[in-house]
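> First the structure, which I've put down as structure tokens, then a few questions once you've had a look.
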Amino acid sequence: MNPDEIMRLLQAAAVLFTLAALGGLVMAGIRFRGRRNPPAWLAMLHGLLAGAGVTLLAYAWYAGDIPALALLALLLFLLAAAGGAVLSLAYKWKQRLLPASLVIGHAVAAVAAYVLLLVAVFGDVSA
């Protein structure tokens, strides 16, 4: 795969993560505004979009040479995905209130990964 195709995959992943992040912000607002969890459909859509982004990032890594920051972003997104799975399966599925500390940890990993991906994709605009 040539570098332009790899970059298009990374850009598409960035778009998917942007949409997932917007859903994450809405869910965090719902959770921290009151003592209730966000709706299941929103959590599933958030996970679907983020999962698709992770899949594109992983494919780009497998198919070609991605920037080191994009690889680090992939690893952090995988960590955030693990946290999201725990939130979903251990709390949301059992209808227990999502713990603030785990929600914040999930968000910190995802935001750090998102920023790294954006820098990898859009950082060197002078080239």
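If you're wondering about the labels, chains in the structure tokens are A, B, ... by order shown, residues count from 1 in each chain, ligands from 1 in order shown.
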Leaving out Val54 (chain A) and any residue of its chain fewer than 6 positions from it, which residues lie within 9 Å of it when counting only C-alpha atoms, given as a list in words?

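Near Val54 (chain A), the qualifying residues are Ala13, Phe17, Leu74, Phe77, Leu78 and Ala81 of chain A.
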
> Per residue of region 26-61 of chain A within 10 Å of region 96-107 of chain A, note the shortest atom pair and the distance in Å to one decimal, counting only C-alpha atoms, and order the rows by chain and increasing residue number, as a tab-separated table.


```
residue	atom	partner	partner_atom	distance
A:Met27	CA	A:Val103	CA	9.8
A:Ala28	CA	A:Val103	CA	7.6
A:Arg31	CA	A:Leu98	CA	7.6
A:Phe32	CA	A:Ala100	CA	7.8
A:Arg35	CA	A:Leu97	CA	7.2
A:Arg36	CA	A:Leu97	CA	6.3
A:Asn37	CA	A:Leu97	CA	6.1
A:Pro38	CA	A:Leu98	CA	9.3
```

> Which is closest to Tyr91 (chain A) among A:Met7, A:Ala40, A:Ala120, A:Ala14, if we use only C-alpha atoms?

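Distance minimum relative to Tyr91 (chain A) lands on A:Ala40.
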
> Tell me, as a PDB file with N, CA and C atoms, in the first residue's frame, which residues lie within 10 Å of Ala52 (chain A), counting only C-alpha atoms; anything in the same chain fewer than 5 positions away does not count.


```
ATOM      1  N   ALA A  12      -9.510   8.629   7.492  1.00  0.00           N
ATOM      2  CA  ALA A  12     -10.838   8.048   7.698  1.00  0.00           C
ATOM      3  C   ALA A  12     -11.000   7.605   9.152  1.00  0.00           C
ATOM      4  N   ALA A  13      -9.949   7.027   9.718  1.00  0.00           N
ATOM      5  CA  ALA A  13      -9.991   6.637  11.131  1.00  0.00           C
ATOM      6  C   ALA A  13     -10.188   7.865  12.008  1.00  0.00           C
ATOM      7  N   LEU A  16     -13.808   8.824  11.995  1.00  0.00           N
ATOM      8  CA  LEU A  16     -14.595   7.911  12.834  1.00  0.00           C
ATOM      9  C   LEU A  16     -14.378   8.210  14.322  1.00  0.00           C
ATOM     10  N   PHE A  17     -13.134   8.464  14.712  1.00  0.00           N
ATOM     11  CA  PHE A  17     -12.861   8.780  16.111  1.00  0.00           C
ATOM     12  C   PHE A  17     -13.450  10.134  16.514  1.00  0.00           C
ATOM     13  N   ALA A  20     -16.993   9.308  17.239  1.00  0.00           N
ATOM     14  CA  ALA A  20     -17.047   8.560  18.500  1.00  0.00           C
ATOM     15  C   ALA A  20     -16.806   9.492  19.682  1.00  0.00           C
ATOM     16  N   GLY A  47     -19.236   2.761  20.636  1.00  0.00           N
ATOM     17  CA  GLY A  47     -18.325   1.632  20.521  1.00  0.00           C
ATOM     18  C   GLY A  47     -18.146   1.160  19.085  1.00  0.00           C
ATOM     19  N   LEU A  57      -7.157   1.717  11.749  1.00  0.00           N
ATOM     20  CA  LEU A  57      -5.785   1.969  12.204  1.00  0.00           C
ATOM     21  C   LEU A  57      -4.960   0.682  12.176  1.00  0.00           C
ATOM     22  N   ALA A  58      -5.528  -0.396  12.672  1.00  0.00           N
ATOM     23  CA  ALA A  58      -4.819  -1.670  12.689  1.00  0.00           C
ATOM     24  C   ALA A  58      -4.527  -2.153  11.266  1.00  0.00           C
TER      25      ALA A  58
END
```

> List as a PyMOL selection string the protein and nucleic acid residues near Ala113 (chain A), meaning an atom at most 6 Å away when only C-alpha atoms are counted, but skip any in the same chain fewer than 3 places from it.

chain A and resi 73+76-77+110+116

> When you count only C-alpha atoms, which of these residues is closest to Leu49 (chain A): A:Val115, A:Leu22, A:Leu9, A:Leu79?

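Of all the options, A:Leu22 lies closest to Leu49 (chain A).
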
> If we count only C-alpha atoms, what is near Val121 (chain A) at a cut-off of 8 Å, once residues fewer than 5 positions away on the same chain are taken out, given as a list of chain:residue names?

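After dropping sequence-adjacent residues, the list is A:Met7, A:Leu10, A:Gln11, A:Ala70.
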
> Would you pick out the contacts of Asn2 (chain A) at 8 Å or less, using only C-alpha atoms, so that residues sharing its chain but fewer than 3 positions from it are not included, and give the list as a short mmCIF file (atom, residue, chain, number, x, y, z; two decimals) with all heavy atoms, in the first residue's frame?


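Okay, result.cif is ready:
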```cif
data_model
loop_
_atom_site.label_atom_id
_atom_site.label_comp_id
_atom_site.auth_asym_id
_atom_site.auth_seq_id
_atom_site.Cartn_x
_atom_site.Cartn_y
_atom_site.Cartn_z
N GLU A 5 -2.34 6.11 0.28
CA GLU A 5 -3.44 5.23 0.69
C GLU A 5 -3.44 5.03 2.21
O GLU A 5 -4.49 5.04 2.84
CB GLU A 5 -3.33 3.88 -0.01
CG GLU A 5 -3.59 3.96 -1.51
CD GLU A 5 -3.28 2.67 -2.24
OE1 GLU A 5 -2.32 1.98 -1.85
OE2 GLU A 5 -4.00 2.38 -3.21
N ILE A 6 -2.25 4.88 2.78
CA ILE A 6 -2.13 4.74 4.23
C ILE A 6 -2.67 6.01 4.90
O ILE A 6 -3.43 5.94 5.88
CB ILE A 6 -0.67 4.48 4.65
CG1 ILE A 6 -0.18 3.14 4.10
CG2 ILE A 6 -0.50 4.58 6.15
CD1 ILE A 6 -0.86 1.94 4.70
N GLY A 64 0.93 -1.28 5.78
CA GLY A 64 2.01 -0.39 5.36
C GLY A 64 2.70 0.25 6.55
O GLY A 64 2.51 -0.15 7.69
#
```
